[in-house]
file target.txt (compact mmCIF, C-alpha atoms and all ligand atoms)
# COMPACT_ATOMS: atom_id res chain seq x y z
CA MET S 12 23.83 56.60 78.25
CA LEU S 13 25.67 55.03 81.15
CA ASN S 14 24.20 53.76 84.40
CA SER S 15 27.19 53.03 86.62
CA GLY S 16 26.08 51.13 89.68
CA SER S 17 28.17 49.81 92.53
CA SER S 18 28.82 46.45 90.85
CA SER S 19 27.67 46.93 87.25
CA VAL S 20 27.72 49.35 84.35
CA LYS S 21 24.69 49.36 82.04
CA TYR S 22 24.94 51.13 78.73
CA ARG S 23 22.70 51.97 75.82
CA LEU S 24 23.56 53.67 72.57
CA LEU S 25 20.60 55.42 70.93
CA ASP S 26 20.04 57.09 67.59
CA MET S 27 18.24 60.21 68.78
CA ALA S 28 16.99 61.20 65.31
CA VAL S 29 15.08 57.90 65.27
CA ALA S 30 14.12 58.20 68.97
CA GLU S 31 12.09 61.31 68.29
CA ARG S 32 9.97 59.53 65.66
CA ASP S 33 9.94 55.94 66.85
CA PRO S 34 11.53 55.32 70.28
CA GLY S 35 11.13 51.55 69.93
CA ARG S 36 13.63 51.50 67.06
CA ALA S 37 16.22 53.92 68.41
CA ARG S 38 18.44 51.41 70.21
CA LEU S 39 21.73 50.79 68.35
CA ALA S 40 23.38 48.81 71.12
CA SER S 41 22.90 47.99 74.79
CA GLY S 42 24.43 45.79 77.40
CA VAL S 43 25.73 45.41 80.90
CA VAL S 44 29.12 44.71 82.42
CA GLU S 45 28.47 42.98 85.72
CA ARG S 46 30.36 41.77 88.78
CA ILE S 47 32.77 44.69 88.96
CA GLY S 48 35.40 43.98 91.58
CA GLU S 49 34.43 40.31 91.80
CA GLU S 50 36.34 37.32 90.53
CA GLY S 51 35.81 36.88 86.80
CA GLY S 52 34.31 40.37 86.45
CA ALA S 53 35.93 43.68 85.54
CA ALA S 54 38.54 44.75 88.09
CA ASP S 55 37.08 48.25 88.49
CA HIS S 56 34.84 50.80 86.80
CA ALA S 57 37.63 51.95 84.48
CA GLU S 58 38.02 48.43 83.14
CA ALA S 59 34.23 47.99 82.94
CA LEU S 60 33.98 51.11 80.78
CA ARG S 61 36.84 49.93 78.61
CA ARG S 62 34.84 46.74 78.06
CA VAL S 63 31.79 48.81 77.14
CA ALA S 64 33.96 50.69 74.62
CA GLU S 65 35.24 47.37 73.22
CA GLU S 66 31.75 45.91 72.92
CA LEU S 67 30.62 49.01 71.04
CA ALA S 68 33.71 49.00 68.79
CA ALA S 69 33.12 45.33 67.95
CA ARG S 70 29.74 46.35 66.54
CA GLY S 71 31.31 49.19 64.54
CA LEU S 72 29.93 51.79 66.97
CA GLY S 73 33.20 52.89 68.58
CA LEU S 74 33.38 55.58 71.22
CA ASP S 75 35.68 57.43 68.80
CA SER S 76 32.80 57.87 66.35
CA PRO S 77 32.23 61.49 65.29
CA ALA S 78 28.48 60.70 65.27
CA LEU S 79 28.52 60.36 69.06
CA ALA S 80 26.83 63.53 70.31
CA ALA S 81 27.00 63.21 74.10
CA VAL S 82 27.14 60.81 77.03
CA GLY S 83 24.33 60.87 79.58
CA HIS S 84 24.99 59.57 83.08
CA ARG S 85 22.45 58.44 85.62
CA VAL S 86 23.25 60.06 88.97
CA VAL S 87 21.16 58.90 91.91
CA HIS S 88 21.33 61.86 94.29
CA GLY S 89 21.25 65.49 93.20
CA GLY S 90 20.39 66.92 96.63
CA THR S 91 18.62 70.28 96.55
CA ARG S 92 21.20 71.73 94.17
CA PHE S 93 20.53 69.73 91.00
CA THR S 94 16.93 70.01 89.89
CA ALA S 95 17.49 69.40 86.18
CA PRO S 96 19.90 67.56 83.89
CA THR S 97 23.25 69.32 84.12
CA PRO S 98 26.31 69.43 81.84
CA VAL S 99 29.26 67.98 83.73
CA THR S 100 32.09 70.35 84.63
CA ASP S 101 34.81 69.97 87.27
CA GLU S 102 32.71 72.08 89.57
CA VAL S 103 29.56 69.98 88.99
CA LEU S 104 31.55 66.81 89.62
CA ALA S 105 32.83 68.24 92.91
CA ALA S 106 29.26 69.10 93.92
CA ILE S 107 28.06 65.55 93.12
CA GLU S 108 30.94 64.34 95.27
CA GLU S 109 29.75 66.51 98.16
CA LEU S 110 26.43 64.63 98.01
CA VAL S 111 28.08 61.25 98.67
CA PRO S 112 27.05 61.22 102.36
CA LEU S 113 23.40 61.33 101.20
CA ALA S 114 23.87 58.40 98.80
CA PRO S 115 26.96 56.47 99.90
CA LEU S 116 25.99 53.35 97.94
CA HIS S 117 25.22 55.08 94.66
CA ASN S 118 26.89 58.41 93.97
CA PRO S 119 30.51 57.14 94.18
CA ALA S 120 29.93 54.65 91.35
CA ASN S 121 28.11 57.30 89.30
CA ILE S 122 31.07 59.67 89.78
CA THR S 123 33.58 57.04 88.71
CA GLY S 124 31.56 56.38 85.56
CA ILE S 125 31.58 60.08 84.68
CA ARG S 126 35.33 60.41 85.34
CA VAL S 127 36.25 57.46 83.17
CA ALA S 128 33.94 58.50 80.32
CA ARG S 129 35.37 62.03 80.38
CA ALA S 130 38.89 60.63 80.22
CA LEU S 131 37.95 58.45 77.24
CA ARG S 132 36.29 61.28 75.31
CA PRO S 133 37.23 64.68 76.81
CA ASP S 134 35.75 66.50 73.81
CA LEU S 135 32.21 65.14 74.28
CA PRO S 136 29.49 66.82 76.34
CA GLN S 137 28.77 64.67 79.39
CA VAL S 138 25.43 65.23 81.09
CA ALA S 139 24.38 64.20 84.60
CA VAL S 140 20.71 63.19 84.87
CA PHE S 141 19.53 62.96 88.46
CA ASP S 142 17.06 60.45 89.93
CA THR S 143 15.93 63.12 92.37
CA ALA S 144 15.37 65.98 89.88
CA PHE S 145 11.75 65.27 88.91
CA HIS S 146 10.81 65.51 92.61
CA ALA S 147 12.36 68.94 93.14
CA THR S 148 8.92 70.50 92.67
CA ILE S 149 7.43 68.77 95.72
CA PRO S 150 6.08 71.53 97.98
CA GLU S 151 7.66 72.06 101.39
CA ALA S 152 4.58 70.69 103.18
CA ALA S 153 5.25 67.30 101.58
CA ALA S 154 9.06 67.47 101.43
CA ARG S 155 9.70 68.41 105.07
CA TYR S 156 9.88 65.88 107.87
CA ALA S 157 8.39 67.15 111.13
CA ILE S 158 11.68 67.17 113.02
CA ASP S 159 13.65 70.06 114.51
CA ALA S 160 14.06 72.41 111.55
CA ALA S 161 17.60 73.55 112.37
CA THR S 162 18.80 69.94 112.66
CA ALA S 163 17.06 69.00 109.41
CA ASP S 164 18.63 71.94 107.58
CA ARG S 165 22.08 71.31 108.99
CA PHE S 166 22.12 67.72 107.77
CA GLY S 167 20.08 68.10 104.57
CA ILE S 168 17.28 65.93 105.96
CA ARG S 169 14.16 66.15 103.77
CA ARG S 170 12.25 64.15 101.18
CA TYR S 171 14.22 64.01 97.91
CA GLY S 172 12.52 61.10 96.14
CA PHE S 173 14.05 58.74 93.57
CA HIS S 174 13.19 56.90 90.31
CA GLY S 175 12.52 60.41 88.98
CA THR S 176 13.32 59.65 85.35
CA SER S 177 10.83 56.78 85.46
CA HIS S 178 8.09 58.85 87.14
CA ALA S 179 8.66 61.65 84.61
CA HIS S 180 8.60 59.30 81.62
CA VAL S 181 5.59 57.28 82.77
CA SER S 182 3.47 60.26 83.86
CA ARG S 183 3.98 61.84 80.42
CA ALA S 184 3.38 58.56 78.57
CA THR S 185 0.17 58.07 80.60
CA ALA S 186 -1.10 61.51 79.54
CA ALA S 187 -0.29 60.60 75.93
CA LEU S 188 -2.20 57.31 76.30
CA LEU S 189 -5.25 59.38 77.32
CA GLY S 190 -4.70 61.70 74.35
CA LYS S 191 -3.97 64.62 76.69
CA GLU S 192 -1.11 66.98 77.45
CA PRO S 193 0.72 66.32 80.75
CA ALA S 194 -0.50 69.72 82.01
CA GLU S 195 -4.13 68.58 81.69
CA VAL S 196 -3.99 65.49 83.89
CA ASN S 197 -3.32 64.34 87.45
CA VAL S 198 -1.56 60.99 87.63
CA ILE S 199 -0.46 58.54 90.32
CA VAL S 200 2.55 56.52 89.14
CA LEU S 201 3.41 53.24 90.88
CA HIS S 202 6.96 52.19 89.92
CA LEU S 203 7.14 48.59 91.16
CA GLY S 204 10.48 46.97 90.35
CA ASN S 205 13.06 45.63 92.77
CA GLY S 206 12.95 49.11 94.24
CA ALA S 207 9.44 50.53 94.41
CA SER S 208 8.04 54.03 94.71
CA ALA S 209 4.83 55.96 94.17
CA SER S 210 4.46 59.53 93.01
CA ALA S 211 1.62 62.02 92.72
CA VAL S 212 1.91 64.19 89.61
CA ARG S 213 -0.40 67.18 89.18
CA GLY S 214 -0.50 68.66 85.68
CA GLY S 215 2.93 67.26 84.84
CA VAL S 216 4.48 68.50 88.09
CA CYS S 217 5.45 66.09 90.86
CA VAL S 218 3.79 67.04 94.18
CA ASP S 219 4.55 64.02 96.37
CA THR S 220 6.52 60.78 96.35
CA SER S 221 6.95 57.82 98.68
CA MET S 222 10.76 57.64 98.84
CA GLY S 223 12.46 60.09 101.15
CA LEU S 224 15.95 61.09 102.25
CA THR S 225 17.04 57.76 100.77
CA PRO S 226 15.31 55.09 98.65
CA LEU S 227 14.40 53.18 101.83
CA GLU S 228 11.11 54.92 102.67
CA GLY S 229 7.65 54.11 101.37
CA LEU S 230 6.42 50.98 99.64
CA VAL S 231 7.48 47.43 100.47
CA MET S 232 10.27 46.49 98.03
CA GLY S 233 12.22 43.38 97.01
CA THR S 234 14.70 43.65 99.88
CA ARG S 235 13.88 47.05 101.49
CA SER S 236 11.35 47.48 104.27
CA GLY S 237 9.82 50.75 103.12
CA ASP S 238 8.04 52.59 105.96
CA VAL S 239 8.82 51.49 109.49
CA ASP S 240 8.45 53.34 112.76
CA PRO S 241 11.88 55.04 113.19
CA ALA S 242 11.84 53.76 116.76
CA VAL S 243 12.44 50.27 115.32
CA VAL S 244 16.03 51.47 114.82
CA PHE S 245 16.48 52.59 118.46
CA HIS S 246 14.87 49.38 119.67
CA LEU S 247 17.22 47.23 117.61
CA GLU S 248 20.16 49.25 118.93
CA ARG S 249 19.15 49.31 122.59
CA VAL S 250 17.47 45.95 122.98
CA GLY S 251 18.88 43.97 120.05
CA GLY S 252 22.44 45.27 120.39
CA LEU S 253 22.73 45.82 116.63
CA GLY S 254 25.11 48.42 115.20
CA THR S 255 24.16 51.14 112.73
CA ASP S 256 25.64 49.32 109.74
CA GLU S 257 23.90 46.09 110.67
CA ILE S 258 20.54 47.85 110.88
CA ASP S 259 21.24 49.61 107.58
CA ASP S 260 21.96 46.23 106.02
CA LEU S 261 18.88 44.65 107.63
CA LEU S 262 16.45 47.30 106.40
CA ASN S 263 17.97 47.75 102.92
CA LYS S 264 19.07 44.24 101.99
CA ARG S 265 17.30 41.69 104.17
CA SER S 266 13.81 43.11 104.54
CA GLY S 267 10.87 43.73 102.21
CA LEU S 268 9.53 40.65 100.40
CA LEU S 269 12.81 38.83 101.01
CA GLY S 270 12.65 39.42 104.75
CA LEU S 271 9.02 38.37 104.98
CA CYS S 272 9.21 35.14 102.97
CA GLY S 273 12.77 34.50 101.78
CA ALA S 274 12.13 35.49 98.14
CA ASN S 275 12.31 38.91 96.50
CA ASP S 276 11.10 37.88 93.05
CA MET S 277 7.35 38.31 92.63
CA ARG S 278 7.26 35.39 90.19
CA GLU S 279 8.56 33.04 92.85
CA ILE S 280 6.13 34.46 95.40
CA ASP S 281 3.27 33.82 92.93
CA ARG S 282 4.38 30.25 92.47
CA ARG S 283 4.69 29.61 96.18
CA MET S 284 1.31 31.18 96.92
CA ALA S 285 -0.25 28.82 94.36
CA GLU S 286 1.26 25.93 96.35
CA GLY S 287 -0.34 27.27 99.54
CA ASP S 288 2.81 28.75 101.12
CA ALA S 289 1.69 30.92 104.05
CA SER S 290 4.77 33.17 104.31
CA ALA S 291 4.64 33.98 100.58
CA ARG S 292 0.93 34.85 101.00
CA LEU S 293 1.73 37.11 103.94
CA ALA S 294 4.53 38.86 102.03
CA PHE S 295 2.16 39.48 99.10
CA ASP S 296 -0.55 40.77 101.42
CA VAL S 297 1.80 43.18 103.22
CA TYR S 298 3.05 44.42 99.83
CA ALA S 299 -0.51 44.96 98.54
CA HIS S 300 -1.73 46.58 101.77
CA ARG S 301 1.08 49.15 101.62
CA LEU S 302 0.22 49.88 97.98
CA ARG S 303 -3.45 50.50 98.84
CA ARG S 304 -2.42 52.85 101.65
CA TYR S 305 -0.31 54.94 99.28
CA ILE S 306 -2.96 54.93 96.54
CA GLY S 307 -5.44 56.24 99.11
CA ALA S 308 -2.99 58.83 100.42
CA PHE S 309 -2.01 60.11 96.98
CA THR S 310 -5.64 60.18 95.86
CA ALA S 311 -6.20 62.60 98.75
CA VAL S 312 -3.06 64.58 97.88
CA LEU S 313 -4.23 65.09 94.29
CA GLY S 314 -7.95 65.53 95.00
CA ARG S 315 -8.80 64.58 91.43
CA VAL S 316 -6.99 61.63 89.84
CA ASP S 317 -7.32 61.18 86.08
CA ALA S 318 -5.08 58.15 85.78
CA LEU S 319 -3.15 55.64 87.84
CA ALA S 320 -0.24 53.95 86.07
CA PHE S 321 1.56 50.74 86.98
CA THR S 322 5.14 50.42 85.74
CA ALA S 323 8.48 48.53 86.11
CA GLY S 324 9.01 44.75 86.42
CA VAL S 325 6.20 43.96 88.87
CA GLY S 326 3.84 46.76 87.81
CA GLU S 327 4.08 45.88 84.11
CA ASN S 328 3.90 42.11 84.53
CA SER S 329 1.96 41.11 87.62
CA ALA S 330 -1.80 41.13 87.04
CA ALA S 331 -2.18 39.73 90.58
CA VAL S 332 -0.39 42.70 92.17
CA ARG S 333 -2.43 45.20 90.13
CA ALA S 334 -5.67 43.46 91.14
CA ALA S 335 -4.69 43.34 94.83
CA ALA S 336 -3.54 46.98 94.83
CA LEU S 337 -6.97 48.18 93.69
CA ASP S 338 -9.05 45.59 95.52
CA GLY S 339 -11.79 47.38 97.47
CA LEU S 340 -10.94 50.82 96.08
CA GLU S 341 -14.09 51.12 93.91
CA GLY S 342 -15.34 53.81 96.29
CA LEU S 343 -12.23 55.89 95.48
CA GLY S 344 -12.96 55.53 91.76
CA TYR S 345 -10.67 52.64 90.82
CA VAL S 346 -12.19 49.69 88.96
CA LEU S 347 -10.12 47.15 87.04
CA ASP S 348 -11.35 45.17 84.06
CA PRO S 349 -10.23 41.63 84.93
CA VAL S 350 -9.98 40.54 81.30
CA ARG S 351 -7.88 43.54 80.20
CA ASN S 352 -5.78 43.26 83.34
CA ALA S 353 -4.93 39.64 82.54
CA VAL S 354 -3.65 40.42 79.02
CA ARG S 355 0.13 40.16 78.69
CA SER S 356 1.60 42.87 76.52
CA SER S 357 4.63 45.14 76.34
CA ALA S 358 2.54 48.08 75.08
CA ALA S 359 1.13 50.94 77.12
CA ARG S 360 -2.52 50.05 77.70
CA LEU S 361 -5.63 50.77 79.73
CA VAL S 362 -6.84 48.10 82.13
CA SER S 363 -9.68 49.94 83.86
CA GLY S 364 -13.27 48.72 83.80
CA ALA S 365 -16.41 50.47 82.61
CA GLY S 366 -17.38 51.99 85.98
CA SER S 367 -13.91 53.38 86.79
CA ARG S 368 -13.74 57.16 87.43
CA THR S 369 -9.98 56.96 87.06
CA ALA S 370 -8.20 55.48 84.04
CA VAL S 371 -5.98 52.62 85.21
CA ALA S 372 -3.02 52.03 82.91
CA VAL S 373 0.00 49.77 82.50
CA VAL S 374 2.80 51.86 81.03
CA PRO S 375 6.28 50.45 80.40
CA THR S 376 9.02 52.59 81.87
CA ASP S 377 12.19 53.50 79.98
CA GLU S 378 14.68 55.28 82.20
CA GLU S 379 17.49 54.88 79.66
CA LEU S 380 15.50 56.56 76.88
CA GLU S 381 14.49 59.38 79.22
CA ILE S 382 18.13 59.96 80.24
CA ALA S 383 19.24 59.91 76.58
CA ARG S 384 16.51 62.40 75.65
CA ASP S 385 17.46 64.78 78.47
CA THR S 386 21.12 64.47 77.51
CA TYR S 387 20.56 65.02 73.82
CA ALA S 388 18.27 68.01 74.38
CA LEU S 389 20.93 69.68 76.50
CA ALA S 390 23.89 68.75 74.26
CA ARG S 391 22.07 70.06 71.21
CA THR S 392 21.14 73.44 72.66
CA ARG S 393 24.69 73.89 73.90
CA THR S 394 26.48 72.98 70.70
CA GLU S 395 24.22 74.66 68.15
CA PRO S 396 24.54 78.36 67.54
CA GLU S 397 21.78 80.57 68.95
CA ASP S 398 19.98 81.13 65.62
CA ARG S 399 19.63 77.40 64.85
CA ARG S 400 17.88 76.48 68.08
P1 LIG S 501 14.90 46.94 88.84
O1 LIG S 501 14.39 47.74 90.00
O2 LIG S 501 16.03 46.03 89.20
O3 LIG S 501 15.08 47.74 87.57
P2 LIG S 501 12.71 45.67 87.42
O4 LIG S 501 11.87 46.86 87.11
O5 LIG S 501 13.39 44.98 86.30
O6 LIG S 501 13.71 45.94 88.60
O7 LIG S 501 11.78 44.62 88.18
C1 LIG S 501 12.31 43.42 88.65
C2 LIG S 501 11.22 42.61 89.32
O8 LIG S 501 10.10 42.45 88.43
C3 LIG S 501 11.64 41.20 89.65
O9 LIG S 501 12.16 41.12 90.93
C4 LIG S 501 10.35 40.42 89.55
O10 LIG S 501 9.83 40.25 90.86
C5 LIG S 501 9.41 41.29 88.79
N1 LIG S 501 8.87 40.61 87.61
C6 LIG S 501 9.46 40.50 86.40
N2 LIG S 501 8.66 39.77 85.58
C7 LIG S 501 7.57 39.43 86.28
C8 LIG S 501 6.39 38.68 86.00
N3 LIG S 501 6.18 38.13 84.81
N4 LIG S 501 5.48 38.55 86.98
C9 LIG S 501 5.68 39.08 88.19
N5 LIG S 501 6.77 39.79 88.51
C10 LIG S 501 7.71 39.97 87.58

call {"tool": "encode", "arguments": {"input": "target.txt", "output": "structure tokens", "more": "lines below"}}
Ligand code: ADP
result
Amino acid sequence: MLNSGSSSVKYRLLDMAVAERDPGRARLASGVVERIGEEGGAADHAEALRRVAEELAARGLGLDSPALAAVGHRVVHGGTRFTAPTPVTDEVLAAIEELVPLAPLHNPANITGIRVARALRPDLPQVAVFDTAFHATIPEAAARYAIDAATADRFGIRRYGFHGTSHAHVSRATAALLGKEPAEVNVIVLHLGNGASASAVRGGVCVDTSMGLTPLEGLVMGTRSGDVDPAVVFHLERVGGLGTDEIDDLLNKRSGLLGLCGANDMREIDRRMAEGDASARLAFDVYAHRLRRYIGAFTAVLGRVDALAFTAGVGENSAAVRAAALDGLEGLGYVLDPVRNAVRSSAARLVSGAGSRTAVAVVPTDEELEIARDTYALARTRTEPEDRR
């Protein structure tokens, strides 16, 4: 699978026969080509993908291999049109292109990745897997913003949600950890990486998420503000004299943890808090307060919560963030076991305490595996004759 970002291309080659039995052993190769367009990096996405092909060939896993079944591509924005993984055709590519205004930072790079991969292997099925797709089931009451409906419709303004492959993977893995089917459980997933988002999943179906029209809304992130009063934007324009692009840059790249304390890595914030740094403490407290607000809100959205799962870099590794996120929420049914919470492990595990009504879990995410699975499932049904399905 290929994840073509604005300045990097990440790739992973998986043996899907192994992935179905033992996902941990399915990886044949993986890597990243970084600094595209910068000095010393690949000149453009075409060259980056050629380097990916070379790296694979050097390990005897060339792109020309007949064993290669399909290429899956991460695509950030699928709008309202793409609600499931989709085989790439010229028409699909044109539709992804039409969505560029909704995701100007992401979709263009995704499109380039697809184009170059198709040119390298025109015979292979290429599948687009959308970050927004898992959230397509969110009911209108949660997806609509309360603004003039005609204006919203004209400009496609609604909640789309992102990190969908992660929320899908983790909500299912959490059900499995409880020994249940996804349809039997209600789960809150907290994806806390550099970007961060929460989702409410009822019986395997996503019913709410914290990110919105773009990945800017919701939780406090590494460099993104998450929720702010939209009037902050007018105020910065009218009183601060800032332009639209400057405000975009401020809220997406210079806010969040970075904006509050100058660091966006939770490990550094931990270290500085231990040394008594007040701005690091404040950044941590704002981050944790926002998390508690969303946990409370999504507990109300679901009514009954069977499990709450922490995932991604911060969620999987920071016992302090998990403890702060659930601090004082015993009345809502969330109790952590401090000893279990402090254990470092890369396995999916329960960290809730004896009196917890809700199972609290740490569940590693794997967006690449999820994309590969979606891709393989689609490529297989399309290439096998009807009677072998
Ligand atoms: P991305 O959104 O880029 O995929 P990740 O899910 O890899 O991000 O998460 C990256 C973040 O995880 C880092 O910014 C860092 O703050 C955090 N992180 C990684 N390891 C730890 C750790 N041991 N303790 C606390 N935070 C960690």

call {"tool": "residues_near_ligand", "arguments": {"input": "target.txt", "ligand": "ligand LIG 501 (chain S)", "cutoff": "7 Å", "atoms": "all atoms listed in the file", "output": "list in words"}}
result
Leu203, Gly204, Asn205, Gly206, Gly233, Asn275, Asp276, Met277, Arg278, Ala323, Gly324, Val325, Asn328 and Ser329 of chain S

call {"tool": "residues_around", "arguments": {"input": "target.txt", "residues": "S:Val312", "least_positions_apart": "2", "cutoff": "12 Å", "atoms": "only C-alpha atoms", "output": "VMD selection string"}}
result
chain S and resid 149 to 150 152 to 153 197 to 199 210 to 213 217 to 220 305 to 310 314 to 316

call {"tool": "closest_residue", "arguments": {"input": "target.txt", "among": "S:Val86, S:Val239, S:Val63, S:Met27", "to": "S:Val138", "atoms": "only C-alpha atoms"}}
result
S:Val86

call {"tool": "atom_distance", "arguments": {"input": "target.txt", "atom1": "atom CA of S:Tyr171", "atom2": "atom CA of S:Ser19"}}
result
24.2 Å

call {"tool": "residues_around", "arguments": {"input": "target.txt", "residues": "stretch 256-269 of chain S", "least_positions_apart": "2", "cutoff": "12 Å", "atoms": "only C-alpha atoms", "output": "PyMOL selection string"}}
result
chain S and resi 115-116+204-207+225-241+243-249+251-254+271-281+290-299+301

call {"tool": "atom_distance", "arguments": {"input": "target.txt", "atom1": "atom CA of S:Glu108", "atom2": "atom CA of S:Gly42"}}
result
26.6 Å

call {"tool": "atom_distance", "arguments": {"input": "target.txt", "atom1": "atom CA of S:His88", "atom2": "atom CA of S:Leu113"}}
result
7.2 Å

call {"tool": "closest_residue", "arguments": {"input": "target.txt", "among": "S:Glu58, S:Asp377, S:Glu341, S:Asp385", "to": "S:Pro34", "atoms": "all atoms listed in the file"}}
result
S:Asp377

call {"tool": "residues_near_point", "arguments": {"input": "target.txt", "point": "(6.2, 45.8, 76.4)", "cutoff": "12 Å", "atoms": "all atoms listed in the file", "output": "PyMOL selection string"}}
result
chain S and resi 35+322-324+326-328+354-360+373-377

call {"tool": "residues_around", "arguments": {"input": "target.txt", "residues": "S:Ala194", "least_positions_apart": "3", "cutoff": "9 Å", "atoms": "all atoms listed in the file", "output": "PyMOL selection string"}}
result
chain S and resi 186+191+197+213-216

call {"tool": "closest_residue", "arguments": {"input": "target.txt", "among": "S:Phe141, S:Phe321, S:Phe173, S:Tyr22", "to": "S:Ser221", "atoms": "all atoms listed in the file"}}
result
S:Phe173

call {"tool": "residues_around", "arguments": {"input": "target.txt", "residues": "S:Gly339", "least_positions_apart": "4", "cutoff": "12 Å", "atoms": "only C-alpha atoms", "output": "compact mmCIF listing (two decimals) with C-alpha atoms, in the coordinates of the input"}}
result
# COMPACT_ATOMS: atom_id res chain seq x y z
CA ALA S 299 -0.51 44.96 98.54
CA HIS S 300 -1.73 46.58 101.77
CA ARG S 303 -3.45 50.50 98.84
CA ARG S 304 -2.42 52.85 101.65
CA ILE S 306 -2.96 54.93 96.54
CA GLY S 307 -5.44 56.24 99.11
CA ALA S 334 -5.67 43.46 91.14
CA ALA S 335 -4.69 43.34 94.83
CA LEU S 343 -12.23 55.89 95.48
CA GLY S 344 -12.96 55.53 91.76
CA TYR S 345 -10.67 52.64 90.82
CA VAL S 346 -12.19 49.69 88.96
CA LEU S 347 -10.12 47.15 87.04

call {"tool": "closest_residue", "arguments": {"input": "target.txt", "among": "S:Thr148, S:Asn14, S:Ser177, S:Ser182", "to": "S:Asn121", "atoms": "only C-alpha atoms"}}
result
S:Asn14

call {"tool": "residues_around", "arguments": {"input": "target.txt", "residues": "S:Glu45", "least_positions_apart": "5", "cutoff": "7 Å", "atoms": "all atoms listed in the file", "output": "PyMOL selection string"}}
result
chain S and resi 18-20+52

call {"tool": "closest_residue", "arguments": {"input": "target.txt", "among": "S:Gly73, S:Thr386, S:Pro193, S:Glu286", "to": "S:Leu39", "atoms": "all atoms listed in the file"}}
result
S:Gly73

call {"tool": "closest_residue", "arguments": {"input": "target.txt", "among": "S:Glu381, S:Asp75, S:Glu102, S:Asp288", "to": "S:Thr176", "atoms": "all atoms listed in the file"}}
result
S:Glu381

call {"tool": "closest_atom_pairs", "arguments": {"input": "target.txt", "of": "stretch 45-121 of chain S", "to": "stretch 387-391 of chain S", "cutoff": "8 Å", "atoms": "all atoms listed in the file", "output": "JSON lines"}}
result
{"residue": "S:Ala80", "atom": "CA", "partner": "S:Ala390", "partner_atom": "CA", "distance": 7.2}
{"residue": "S:Ala81", "atom": "CA", "partner": "S:Ala390", "partner_atom": "CA", "distance": 6.4}
{"residue": "S:Pro96", "atom": "CA", "partner": "S:Leu389", "partner_atom": "CA", "distance": 7.8}
{"residue": "S:Thr97", "atom": "CA", "partner": "S:Leu389", "partner_atom": "CA", "distance": 8.0}
{"residue": "S:Pro98", "atom": "CA", "partner": "S:Leu389", "partner_atom": "CA", "distance": 7.6}
